[in-house]
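Participant: work05.csv (CSV, C-alpha atoms) pasted underneath:
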```
chain,number,residue,atom,x,y,z
W,1,MET,CA,38.5,39.8,19.5
W,2,THR,CA,36.3,42.1,17.4
W,3,PRO,CA,32.6,41.4,16.9
W,4,ASP,CA,33.2,40.4,13.2
W,5,ARG,CA,36.0,38.0,14.2
W,6,ARG,CA,33.8,36.5,16.9
W,7,SER,CA,31.0,35.9,14.4
W,8,LEU,CA,33.5,34.3,12.0
W,9,PHE,CA,34.9,32.2,14.8
W,10,ARG,CA,31.4,31.0,15.7
W,11,ILE,CA,30.6,30.0,12.1
W,12,ALA,CA,34.0,28.2,11.7
W,13,THR,CA,33.4,26.3,15.0
W,14,PHE,CA,29.9,25.3,13.9
W,15,LEU,CA,31.1,24.1,10.5
W,16,LEU,CA,33.9,22.1,12.0
W,17,PHE,CA,31.5,20.5,14.5
W,18,ALA,CA,29.0,19.7,11.7
W,19,CYS,CA,31.7,18.2,9.4
W,20,ALA,CA,33.0,16.0,12.3
W,21,LEU,CA,29.5,14.7,12.9
W,22,ALA,CA,28.9,14.1,9.2
W,23,ALA,CA,32.0,12.0,9.0
W,24,GLN,CA,30.8,9.6,11.7
W,25,GLN,CA,29.7,6.1,11.0
W,26,PRO,CA,26.1,5.2,11.8
W,27,GLU,CA,27.1,3.3,14.9
W,28,GLN,CA,28.8,6.4,16.2
W,29,ILE,CA,25.8,8.6,15.4
W,30,ILE,CA,23.5,6.1,17.2
W,31,ARG,CA,25.7,6.2,20.3
W,32,THR,CA,25.6,10.0,20.1
W,33,ILE,CA,21.8,10.0,20.0
W,34,GLU,CA,21.5,7.6,22.8
W,35,SER,CA,23.9,9.6,25.0
W,36,ARG,CA,23.7,12.8,27.0
W,37,GLN,CA,24.2,15.7,24.5
W,38,VAL,CA,27.4,17.7,24.2
W,39,PRO,CA,27.2,20.7,24.1
W,40,ASN,CA,24.4,20.7,26.7
W,41,HIS,CA,21.7,23.2,25.7
W,42,GLN,CA,19.6,22.2,28.7
W,43,GLY,CA,16.1,20.9,28.0
W,44,LEU,CA,16.5,17.1,27.7
W,45,ASP,CA,20.1,17.3,26.6
W,46,PRO,CA,21.4,16.1,30.0
W,47,TYR,CA,19.6,12.8,29.7
W,48,THR,CA,20.3,9.6,27.9
W,49,LEU,CA,17.6,8.3,25.5
W,50,GLN,CA,16.7,5.6,28.0
W,51,GLU,CA,16.3,8.1,30.8
W,52,ILE,CA,14.0,10.2,28.6
W,53,MET,CA,11.9,7.2,27.8
W,54,ASP,CA,11.7,6.4,31.5
W,55,GLN,CA,10.9,10.0,32.4
W,56,PHE,CA,7.9,10.0,30.0
W,57,HIS,CA,6.9,6.4,30.6
W,58,VAL,CA,7.3,5.3,27.0
W,59,PRO,CA,8.1,1.5,26.9
W,60,GLY,CA,9.4,1.3,23.4
W,61,VAL,CA,10.7,3.3,20.5
W,62,SER,CA,11.7,2.4,16.9
W,63,VAL,CA,13.6,4.7,14.5
W,64,ALA,CA,14.7,4.7,10.9
W,65,VAL,CA,16.9,7.4,9.5
W,66,ILE,CA,17.2,8.3,5.8
W,67,LYS,CA,20.4,9.6,4.3
W,68,ASP,CA,21.2,10.1,0.6
W,69,PHE,CA,17.9,8.5,-0.5
W,70,LYS,CA,18.6,5.3,1.5
W,71,VAL,CA,17.8,3.9,4.9
W,72,GLU,CA,21.0,4.7,6.7
W,73,TRP,CA,20.1,2.8,9.9
W,74,ALA,CA,17.1,1.5,11.8
W,75,LYS,CA,17.0,0.5,15.5
W,76,GLY,CA,14.6,-0.2,18.3
W,77,TRP,CA,14.9,0.6,22.0
W,78,GLY,CA,12.9,-0.7,25.0
W,79,ILE,CA,10.1,-3.2,25.1
W,80,ALA,CA,7.2,-3.9,22.7
W,81,ASP,CA,4.9,-5.2,25.4
W,82,VAL,CA,5.1,-4.6,29.2
W,83,GLU,CA,3.3,-7.9,29.8
W,84,THR,CA,5.5,-10.2,27.7
W,85,LYS,CA,8.7,-8.1,28.0
W,86,ALA,CA,9.3,-8.7,24.3
W,87,PRO,CA,12.0,-6.3,23.1
W,88,VAL,CA,11.5,-3.7,20.3
W,89,ASP,CA,13.6,-4.3,17.2
W,90,ALA,CA,13.6,-2.8,13.7
W,91,ALA,CA,11.0,-5.4,12.6
W,92,THR,CA,8.5,-4.6,15.4
W,93,MET,CA,5.2,-3.4,13.9
W,94,PHE,CA,3.4,-0.3,15.4
W,95,GLN,CA,0.1,1.4,14.6
W,96,ALA,CA,0.9,4.3,12.3
W,97,ALA,CA,-2.3,6.1,13.3
W,98,SER,CA,-2.8,9.3,11.1
W,99,MET,CA,0.4,8.5,9.2
W,100,SER,CA,-1.9,6.0,7.4
W,101,LYS,CA,-3.4,9.0,5.6
W,102,PRO,CA,-0.6,10.0,3.2
W,103,VAL,CA,0.1,6.3,2.4
W,104,ALA,CA,-3.6,5.9,1.5
W,105,ALA,CA,-3.5,9.2,-0.5
W,106,MET,CA,-0.7,7.6,-2.6
W,107,ALA,CA,-3.1,4.8,-3.6
W,108,SER,CA,-5.8,7.3,-4.5
W,109,LEU,CA,-3.3,9.3,-6.6
W,110,ARG,CA,-2.3,6.1,-8.4
W,111,ALA,CA,-6.0,5.3,-9.2
W,112,ILE,CA,-6.3,8.9,-10.5
W,113,GLN,CA,-3.1,8.5,-12.6
W,114,ASP,CA,-4.6,5.3,-14.0
W,115,GLY,CA,-7.7,7.2,-15.0
W,116,LYS,CA,-10.2,5.6,-12.5
W,117,PHE,CA,-11.5,9.0,-11.4
W,118,GLY,CA,-10.4,12.7,-11.3
W,119,LEU,CA,-8.5,14.5,-8.5
W,120,ASP,CA,-11.0,17.4,-9.0
W,121,GLN,CA,-14.1,15.3,-9.7
W,122,ASP,CA,-17.3,15.6,-7.7
W,123,ILE,CA,-16.9,12.9,-5.0
W,124,ASN,CA,-20.6,12.1,-5.3
W,125,THR,CA,-20.1,11.0,-8.9
W,126,ILE,CA,-17.4,8.6,-7.7
W,127,LEU,CA,-19.2,7.1,-4.6
W,128,LYS,CA,-21.6,4.2,-5.2
W,129,SER,CA,-22.4,2.7,-1.8
W,130,TRP,CA,-23.0,6.0,0.0
W,131,LYS,CA,-23.4,9.7,-0.9
W,132,LEU,CA,-22.4,12.8,0.9
W,133,PRO,CA,-25.8,14.3,1.8
W,134,PRO,CA,-26.9,17.4,-0.1
W,135,SER,CA,-25.9,20.7,1.5
W,136,PRO,CA,-26.1,24.4,0.5
W,137,PHE,CA,-22.3,24.4,1.1
W,138,MET,CA,-22.0,22.4,-2.2
W,139,ASN,CA,-23.9,24.9,-4.3
W,140,GLU,CA,-20.8,26.9,-5.4
W,141,ARG,CA,-18.4,24.0,-5.9
W,142,PRO,CA,-18.5,20.2,-5.2
W,143,VAL,CA,-16.4,18.2,-2.7
W,144,THR,CA,-13.5,16.6,-4.5
W,145,PRO,CA,-10.8,14.0,-3.7
W,146,ARG,CA,-8.2,16.8,-3.7
W,147,GLU,CA,-10.1,18.5,-0.9
W,148,LEU,CA,-10.8,15.4,1.1
W,149,MET,CA,-7.1,14.4,1.2
W,150,SER,CA,-5.9,18.0,2.1
W,151,HIS,CA,-8.5,18.7,4.8
W,152,THR,CA,-10.1,21.5,2.9
W,153,SER,CA,-13.4,19.8,2.0
W,154,GLY,CA,-15.5,21.6,4.6
W,155,THR,CA,-16.3,18.4,6.6
W,156,GLY,CA,-16.6,19.5,10.2
W,157,ASP,CA,-15.7,16.5,12.3
W,158,GLY,CA,-13.0,17.4,14.8
W,159,PHE,CA,-12.8,14.0,16.4
W,160,GLY,CA,-10.0,11.6,16.3
W,161,PHE,CA,-10.9,8.0,15.9
W,162,PRO,CA,-10.7,6.1,19.3
W,163,GLY,CA,-10.9,2.7,17.7
W,164,TYR,CA,-12.8,-0.4,18.9
W,165,ASP,CA,-12.0,-3.2,21.4
W,166,PRO,CA,-11.3,-6.3,19.3
W,167,SER,CA,-14.3,-8.0,21.0
W,168,ALA,CA,-16.7,-5.1,20.1
W,169,PRO,CA,-19.0,-4.9,17.1
W,170,ILE,CA,-17.3,-3.1,14.2
W,171,PRO,CA,-19.3,-0.6,12.1
W,172,THR,CA,-19.4,-0.3,8.4
W,173,LEU,CA,-18.0,2.8,6.7
W,174,PRO,CA,-21.5,4.2,5.9
W,175,GLN,CA,-22.4,3.7,9.6
W,176,ILE,CA,-19.3,5.6,10.6
W,177,LEU,CA,-20.0,8.4,8.1
W,178,ASP,CA,-23.6,8.7,9.3
W,179,GLY,CA,-22.8,8.4,13.0
W,180,LEU,CA,-25.0,5.3,13.4
W,181,PRO,CA,-24.5,2.4,15.9
W,182,PRO,CA,-22.2,0.7,16.5
W,183,SER,CA,-20.0,3.7,15.4
W,184,ASN,CA,-18.5,5.5,18.4
W,185,VAL,CA,-18.0,8.9,16.6
W,186,GLY,CA,-20.3,11.6,15.2
W,187,LYS,CA,-21.6,11.8,11.7
W,188,VAL,CA,-19.4,13.4,8.9
W,189,ARG,CA,-21.1,16.4,7.3
W,190,LEU,CA,-20.1,19.7,5.7
W,191,GLU,CA,-20.0,22.8,7.9
W,192,ARG,CA,-18.6,25.2,5.4
W,193,PRO,CA,-18.1,25.4,1.6
W,194,PRO,CA,-15.1,23.5,0.2
W,195,MET,CA,-11.7,25.3,0.0
W,196,THR,CA,-12.8,28.2,2.2
W,197,ALA,CA,-10.8,27.0,5.3
W,198,TYR,CA,-8.5,24.3,6.6
W,199,LYS,CA,-9.7,21.9,9.3
W,200,TYR,CA,-8.2,18.5,9.9
W,201,SER,CA,-10.8,15.9,9.2
W,202,GLY,CA,-10.3,12.1,9.5
W,203,GLY,CA,-13.9,11.7,8.3
W,204,ALA,CA,-13.0,13.2,5.0
W,205,VAL,CA,-10.3,10.5,4.5
W,206,VAL,CA,-12.9,7.8,5.4
W,207,ILE,CA,-15.0,9.2,2.5
W,208,GLU,CA,-12.0,8.9,0.2
W,209,GLN,CA,-11.4,5.3,1.4
W,210,LEU,CA,-15.0,4.4,0.5
W,211,ALA,CA,-14.7,6.0,-2.9
W,212,LEU,CA,-11.5,4.1,-3.7
W,213,MET,CA,-13.2,0.8,-2.6
W,214,ASP,CA,-16.4,1.6,-4.6
W,215,VAL,CA,-14.3,2.3,-7.8
W,216,LEU,CA,-11.9,-0.6,-7.6
W,217,LYS,CA,-14.4,-3.0,-6.0
W,218,LYS,CA,-11.9,-4.6,-3.7
W,219,PRO,CA,-11.3,-4.6,0.1
W,220,PHE,CA,-9.1,-1.7,1.2
W,221,PRO,CA,-6.2,-3.8,2.6
W,222,GLU,CA,-6.0,-5.5,-0.8
W,223,ILE,CA,-6.0,-2.2,-2.7
W,224,MET,CA,-3.2,-0.9,-0.5
W,225,ARG,CA,-1.2,-4.1,-0.8
W,226,GLU,CA,-1.4,-4.1,-4.7
W,227,MET,CA,-1.0,-0.3,-5.3
W,228,VAL,CA,1.5,0.9,-2.7
W,229,LEU,CA,2.9,-1.6,-0.2
W,230,ASP,CA,4.1,-4.4,-2.6
W,231,PRO,CA,5.5,-2.0,-5.2
W,232,ILE,CA,7.6,-0.2,-2.6
W,233,GLY,CA,8.6,-3.3,-0.8
W,234,MET,CA,6.8,-2.6,2.5
W,235,THR,CA,6.7,-6.2,3.5
W,236,ASN,CA,6.2,-5.5,7.2
W,237,SER,CA,3.1,-3.4,6.6
W,238,THR,CA,-0.7,-4.1,6.4
W,239,TYR,CA,-4.0,-2.3,6.6
W,240,GLU,CA,-5.7,-5.4,7.8
W,241,GLN,CA,-8.0,-4.7,10.8
W,242,PRO,CA,-8.0,-6.5,13.1
W,243,LEU,CA,-4.4,-7.5,12.8
W,244,PRO,CA,-4.1,-11.2,11.9
W,245,PRO,CA,-2.4,-13.5,14.5
W,246,ASP,CA,0.7,-14.2,12.4
W,247,ARG,CA,1.3,-10.4,12.2
W,248,ASP,CA,0.3,-9.8,15.8
W,249,ARG,CA,3.3,-11.9,17.0
W,250,HIS,CA,5.5,-9.1,15.7
W,251,ALA,CA,3.3,-6.2,16.9
W,252,ALA,CA,3.8,-3.7,19.8
W,253,ARG,CA,1.2,-3.3,22.5
W,254,ALA,CA,-0.6,-0.1,23.3
W,255,HIS,CA,0.4,1.6,26.6
W,256,ASP,CA,-1.0,4.6,28.5
W,257,GLY,CA,0.7,7.8,29.6
W,258,ASP,CA,2.1,5.9,32.6
W,259,GLY,CA,3.5,3.1,30.5
W,260,HIS,CA,0.9,0.6,31.6
W,261,ALA,CA,-0.8,-1.9,29.4
W,262,MET,CA,-4.3,-0.7,28.3
W,263,GLY,CA,-6.5,-3.8,28.6
W,264,ALA,CA,-6.8,-4.9,25.0
W,265,LYS,CA,-3.4,-5.2,23.3
W,266,TRP,CA,-4.6,-2.7,20.7
W,267,HIS,CA,-7.7,-1.2,19.2
W,268,VAL,CA,-9.3,-2.0,15.8
W,269,TYR,CA,-9.7,0.8,13.2
W,270,PRO,CA,-12.2,0.2,10.4
W,271,GLU,CA,-11.3,3.8,9.4
W,272,MET,CA,-8.3,2.2,7.7
W,273,ALA,CA,-7.2,5.0,5.4
W,274,ALA,CA,-7.3,7.4,8.3
W,275,ALA,CA,-5.8,5.3,11.1
W,276,GLY,CA,-5.5,1.6,10.2
W,277,LEU,CA,-1.9,1.0,9.0
W,278,TRP,CA,0.4,-1.3,10.9
W,279,THR,CA,4.0,-0.9,9.8
W,280,THR,CA,7.6,-0.3,10.8
W,281,PRO,CA,9.8,2.8,10.6
W,282,THR,CA,11.9,1.1,8.0
W,283,ASP,CA,8.9,0.5,5.7
W,284,LEU,CA,7.6,4.0,6.1
W,285,ALA,CA,11.2,5.3,5.3
W,286,LYS,CA,11.0,3.3,2.1
W,287,LEU,CA,7.8,5.1,1.2
W,288,LEU,CA,9.4,8.5,1.9
W,289,ILE,CA,12.4,7.6,-0.2
W,290,GLU,CA,10.1,6.5,-3.0
W,291,VAL,CA,8.3,9.9,-3.0
W,292,GLN,CA,11.7,11.7,-2.9
W,293,LEU,CA,12.9,9.8,-5.9
W,294,GLU,CA,9.7,10.2,-7.8
W,295,LEU,CA,9.9,13.9,-7.3
W,296,LEU,CA,13.3,13.8,-9.0
W,297,GLY,CA,12.0,11.6,-11.8
W,298,LYS,CA,14.3,8.8,-10.7
W,299,SER,CA,11.6,6.2,-9.8
W,300,ASN,CA,8.0,5.5,-10.7
W,301,LYS,CA,7.1,2.4,-8.6
W,302,VAL,CA,3.8,4.0,-7.7
W,303,LEU,CA,3.5,7.6,-9.1
W,304,SER,CA,5.0,9.5,-12.0
W,305,GLN,CA,7.0,12.7,-11.2
W,306,ARG,CA,4.0,14.9,-12.2
W,307,THR,CA,1.6,13.0,-9.9
W,308,ALA,CA,4.0,12.8,-7.0
W,309,GLU,CA,4.2,16.6,-7.1
W,310,GLU,CA,0.6,16.7,-5.8
W,311,MET,CA,1.8,15.0,-2.6
W,312,VAL,CA,4.1,17.9,-1.7
W,313,THR,CA,2.4,20.9,-3.3
W,314,PRO,CA,0.1,22.7,-0.9
W,315,VAL,CA,-3.4,23.0,-2.3
W,316,GLY,CA,-3.6,26.7,-1.5
W,317,VAL,CA,-5.6,26.6,1.8
W,318,GLY,CA,-3.8,25.4,4.9
W,319,PRO,CA,-0.6,23.5,5.2
W,320,PHE,CA,-1.5,20.3,3.4
W,321,ALA,CA,-0.8,18.9,0.0
W,322,VAL,CA,-2.6,15.8,-1.1
W,323,GLY,CA,-1.7,13.6,1.8
W,324,PHE,CA,1.4,15.2,3.4
W,325,THR,CA,1.7,18.3,5.5
W,326,ILE,CA,4.3,20.7,4.1
W,327,GLU,CA,6.5,22.9,6.3
W,328,LYS,CA,9.5,25.2,5.9
W,329,MET,CA,12.0,24.5,8.7
W,330,GLY,CA,15.1,26.6,8.8
W,331,GLU,CA,16.3,26.7,5.2
W,332,GLY,CA,14.6,23.5,4.1
W,333,TRP,CA,11.2,22.4,2.8
W,334,TYR,CA,9.9,19.2,4.4
W,335,PHE,CA,7.0,16.9,3.9
W,336,GLY,CA,5.7,14.6,6.6
W,337,HIS,CA,2.9,13.6,9.0
W,338,SER,CA,2.4,12.7,12.6
W,339,GLY,CA,0.0,10.1,14.2
W,340,GLY,CA,-1.7,9.3,17.4
W,341,ASN,CA,-3.8,6.2,18.1
W,342,TRP,CA,-4.9,4.6,21.4
W,343,GLY,CA,-1.6,3.9,23.0
W,344,PHE,CA,0.6,4.8,20.1
W,345,ARG,CA,2.4,7.9,18.9
W,346,SER,CA,4.4,8.3,15.7
W,347,ASP,CA,6.0,10.9,13.4
W,348,MET,CA,7.8,11.0,10.0
W,349,LEU,CA,9.6,13.8,8.2
W,350,ALA,CA,11.5,14.0,4.9
W,351,HIS,CA,13.4,16.7,3.0
W,352,ARG,CA,11.8,17.8,-0.2
W,353,ALA,CA,15.0,17.6,-2.2
W,354,LYS,CA,18.0,16.5,-0.2
W,355,GLY,CA,17.3,12.8,0.4
W,356,TYR,CA,17.2,12.7,4.1
W,357,GLY,CA,14.5,12.2,6.7
W,358,ILE,CA,13.4,10.2,9.8
W,359,VAL,CA,10.5,8.0,11.0
W,360,ILE,CA,9.9,7.5,14.7
W,361,MET,CA,7.2,5.2,16.2
W,362,THR,CA,6.4,4.6,19.9
W,363,ASN,CA,4.0,2.4,21.9
W,364,GLY,CA,3.0,5.0,24.6
W,365,ASP,CA,0.6,7.8,24.9
W,366,ASN,CA,3.5,10.1,26.0
W,367,GLY,CA,5.6,9.4,23.0
W,368,GLY,CA,5.5,13.0,21.7
W,369,MET,CA,8.3,14.4,23.8
W,370,VAL,CA,10.5,11.4,23.2
W,371,MET,CA,10.0,11.7,19.4
W,372,ARG,CA,10.7,15.4,19.4
W,373,GLU,CA,14.0,14.9,21.2
W,374,ILE,CA,15.1,12.1,18.9
W,375,ARG,CA,14.3,14.1,15.8
W,376,ASP,CA,16.3,17.1,17.2
W,377,ARG,CA,19.3,14.9,18.0
W,378,VAL,CA,19.2,13.3,14.5
W,379,ALA,CA,18.9,16.7,12.8
W,380,ARG,CA,22.0,17.9,14.8
W,381,ALA,CA,24.0,14.8,14.1
W,382,TYR,CA,23.4,15.0,10.4
W,383,ASN,CA,23.5,18.8,10.2
W,384,TRP,CA,20.0,19.1,8.6
W,385,ASP,CA,19.1,22.5,7.1
W,386,SER,CA,16.2,22.7,9.5
W,387,LEU,CA,18.6,23.9,12.1
W,388,ASP,CA,19.1,27.6,12.9
W,389,LYS,CA,22.6,28.4,11.7
W,390,PRO,CA,24.7,31.3,12.8
W,391,VAL,CA,24.4,34.3,10.5
W,392,PRO,CA,27.4,36.5,9.7
W,393,ARG,CA,27.1,40.1,10.9
```
Go through the file and emit its structure as structure tokens.
Facilitator:
Amino acid sequence: MTPDRRSLFRIATFLLFACALAAQQPEQIIRTIESRQVPNHQGLDPYTLQEIMDQFHVPGVSVAVIKDFKVEWAKGWGIADVETKAPVDAATMFQAASMSKPVAAMASLRAIQDGKFGLDQDINTILKSWKLPPSPFMNERPVTPRELMSHTSGTGDGFGFPGYDPSAPIPTLPQILDGLPPSNVGKVRLERPPMTAYKYSGGAVVIEQLALMDVLKKPFPEIMREMVLDPIGMTNSTYEQPLPPDRDRHAARAHDGDGHAMGAKWHVYPEMAAAGLWTTPTDLAKLLIEVQLELLGKSNKVLSQRTAEEMVTPVGVGPFAVGFTIEKMGEGWYFGHSGGNWGFRSDMLAHRAKGYGIVIMTNGDNGGMVMREIRDRVARAYNWDSLDKPVPR
């Protein structure tokens, strides 16, 4: 066989395989994802999903897959709590960690759309209960909501939020921002002029949380419920911290890298916009679908088409838009976010235009490798354009 014919044969084989997968029913695809992979490209392909979870000591995993702008299927594997042995199902709530940020950004954009403040307004003219201290870095241009939500504001905190034991004193937002007891992190201050560099900053999102609360004069969980969660139908989601007992009955436990319980069932996060969302993959999939439909002008439950564009258009410095990180994968453009709290790891990804995506949530510190493998298996099963395809020669 000549080289050209070999290339054509490879392409034809790939397309036949892809079409066969696309014709499968969700139940068949789930079985494929759970099973050892064929063809076997090594890596984790030789292992079942349960074997991978066991290998990385991840007690539980929950997944929701989006196809054609709908939740195609959702399923949980493993256990939610190693102490009670409660199983994970599609309704089990997990801490979304940093995936809380784009959801919170959606509420800020709704407030901006409603004329409450401006996306490019000086944040100190919006804040009432606290002010970002004066700095020579603000001489040229002010810090704005756009910069706070895209990690380009110049705030220099590189810490993640460790959260608080439920029995510990919980700091106010001003105490967190000023690094004052009982806060367990450093103060949030500028270390460079805005829009000169990208540096991930949870503290910047806490400033945006406080600004939204100052303007709307409501508790943050109430703001999120009214502006985002209820309109989208995210009934198994809340920003309440700590989690109320009636919700806790359906919540996963935090586990360490060995799959062991970590003392308290979970930590409390007053930094709600940055790390405080409790939710399910299905609910987050609903949010991703809503953004996809808003971008097409086919829905406006939260944002108009024009405002939704801000969530997927990079601001010009770094990989972030207002809320989501933006990435080109293979031939496709995707928006998404990952998250990591004490004992939880999560990830979500959605195509900019094609109506597919995935949300994965785990209750173990080693969830990253499990999530990566699941995402790769789903992408292959549905023939996403993030895959490297054979190129004719």
Participant: Could you tell me how far atom CA of W:Met272 lies from atom CA of W:Tyr239, in Å and to one decimal?
Facilitator: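 Straight-line distance from atom CA of W:Met272 to atom CA of W:Tyr239 works out to 6.3 Å.
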Participant: Between W:Gly339, W:His57, W:Arg306, W:Ala285, which is the closest to W:His351 once you count only C-alpha atoms?
Facilitator: W:Ala285
Participant: Env of W:Lys187: 12 Å cut, atoms = all atoms listed in the file, seq-sep filter 5 positions within chain, self excluded. Answer as a PDB file with C-alpha atoms, in the frame of the given file.
Facilitator:
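Dumped everything to selection_2.pdb:
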```
ATOM      1  CA  LEU W 132     -22.400  12.800   0.900  1.00  0.00           C
ATOM      2  CA  PRO W 133     -25.800  14.300   1.800  1.00  0.00           C
ATOM      3  CA  THR W 155     -16.300  18.400   6.600  1.00  0.00           C
ATOM      4  CA  GLY W 156     -16.600  19.500  10.200  1.00  0.00           C
ATOM      5  CA  ASP W 157     -15.700  16.500  12.300  1.00  0.00           C
ATOM      6  CA  GLY W 158     -13.000  17.400  14.800  1.00  0.00           C
ATOM      7  CA  PHE W 159     -12.800  14.000  16.400  1.00  0.00           C
ATOM      8  CA  LEU W 173     -18.000   2.800   6.700  1.00  0.00           C
ATOM      9  CA  PRO W 174     -21.500   4.200   5.900  1.00  0.00           C
ATOM     10  CA  GLN W 175     -22.400   3.700   9.600  1.00  0.00           C
ATOM     11  CA  ILE W 176     -19.300   5.600  10.600  1.00  0.00           C
ATOM     12  CA  LEU W 177     -20.000   8.400   8.100  1.00  0.00           C
ATOM     13  CA  ASP W 178     -23.600   8.700   9.300  1.00  0.00           C
ATOM     14  CA  GLY W 179     -22.800   8.400  13.000  1.00  0.00           C
ATOM     15  CA  LEU W 180     -25.000   5.300  13.400  1.00  0.00           C
ATOM     16  CA  PRO W 181     -24.500   2.400  15.900  1.00  0.00           C
ATOM     17  CA  SER W 201     -10.800  15.900   9.200  1.00  0.00           C
ATOM     18  CA  GLY W 202     -10.300  12.100   9.500  1.00  0.00           C
ATOM     19  CA  GLY W 203     -13.900  11.700   8.300  1.00  0.00           C
ATOM     20  CA  ALA W 204     -13.000  13.200   5.000  1.00  0.00           C
ATOM     21  CA  VAL W 206     -12.900   7.800   5.400  1.00  0.00           C
ATOM     22  CA  ILE W 207     -15.000   9.200   2.500  1.00  0.00           C
TER      23      ILE W 207
END
```
Participant: Got a sec: who's within 9 Å of stretch 309-323 of chain W, counting all atoms listed in the file, leaving out chain neighbours fewer than 4 positions off, as a ChimeraX atom specification?
Facilitator: /W:101-106,109,145-152,195-199,291,294-295,304-305,327,334-337,352
Participant: One number please: atom CA of W:Ala254 to atom CA of W:Ser237, in Å, one decimal.
Facilitator: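 Separation of atom CA of W:Ala254 and atom CA of W:Ser237: 17.4 Å.
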Participant: I need the residue nearest W:Glu51 from this list: W:Glu34, W:Val63, W:Leu287, W:Gly186. Use only C-alpha atoms for the distance.
Facilitator: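 Selected residue with least distance to W:Glu51: W:Glu34.
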Participant: What separation in Å, quoted to one decimal, exists between atom CA of W:Lys70 and atom CA of W:Thr279?
Facilitator: 17.9 Å
Participant: Counting all atoms listed in the file, which of W:Ala381, W:Val370, W:Met213, W:Met224 gets nearest to W:Leu49?
Facilitator: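 Ranking W:Ala381, W:Val370, W:Met213, W:Met224 by distance to W:Leu49, first place goes to W:Val370.
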Participant: Which residues are close to W:Gly115, i.e. within 12 Å by all atoms listed in the file, leaving aside same-chain residues fewer than 6 positions away? Reply as a list in words.
Facilitator: Ser108, Leu109, Gln121, Val215 and Leu216 of chain W
Participant: Would you write out those residues with C-alpha atoms, as a PDB file, keeping the file's coordinate frame?
Facilitator:
```
ATOM      1  CA  SER W 108      -5.800   7.300  -4.500  1.00  0.00           C
ATOM      2  CA  LEU W 109      -3.300   9.300  -6.600  1.00  0.00           C
ATOM      3  CA  GLN W 121     -14.100  15.300  -9.700  1.00  0.00           C
ATOM      4  CA  VAL W 215     -14.300   2.300  -7.800  1.00  0.00           C
ATOM      5  CA  LEU W 216     -11.900  -0.600  -7.600  1.00  0.00           C
TER       6      LEU W 216
END
```
Participant: Compare W:Ile223, W:Ala251, W:Val185, W:Val88 by their minimum atom-to-atom distance to W:Pro171, counting only C-alpha atoms, and give me the closest one.
Facilitator: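 Closest to W:Pro171, using only C-alpha atoms: W:Val185.
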Participant: Find the spatial neighbours of W:Gly368, counting only C-alpha atoms, within a cut-off of 9 Å - ignore same-chain residues fewer than 6 positions away - and output them as a PDB file with C-alpha atoms, in the coordinates of the input.
Facilitator:
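What ended up in around.pdb:
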```pdb
ATOM      1  CA  ARG W 345       2.400   7.900  18.900  1.00  0.00           C
ATOM      2  CA  SER W 346       4.400   8.300  15.700  1.00  0.00           C
ATOM      3  CA  ASP W 347       6.000  10.900  13.400  1.00  0.00           C
ATOM      4  CA  THR W 362       6.400   4.600  19.900  1.00  0.00           C
TER       5      THR W 362
END
```
Participant: Find the residues around stretch 75-84 of chain W up to 10 Å (all atoms listed in the file counted), leave out those fewer than 6 positions away in its own chain, and share them as number ranges by chain.
Facilitator: W: 30, 34, 49-50, 53-54, 58-65, 90-94, 250-255, 259-261, 265, 281-282, 360-363
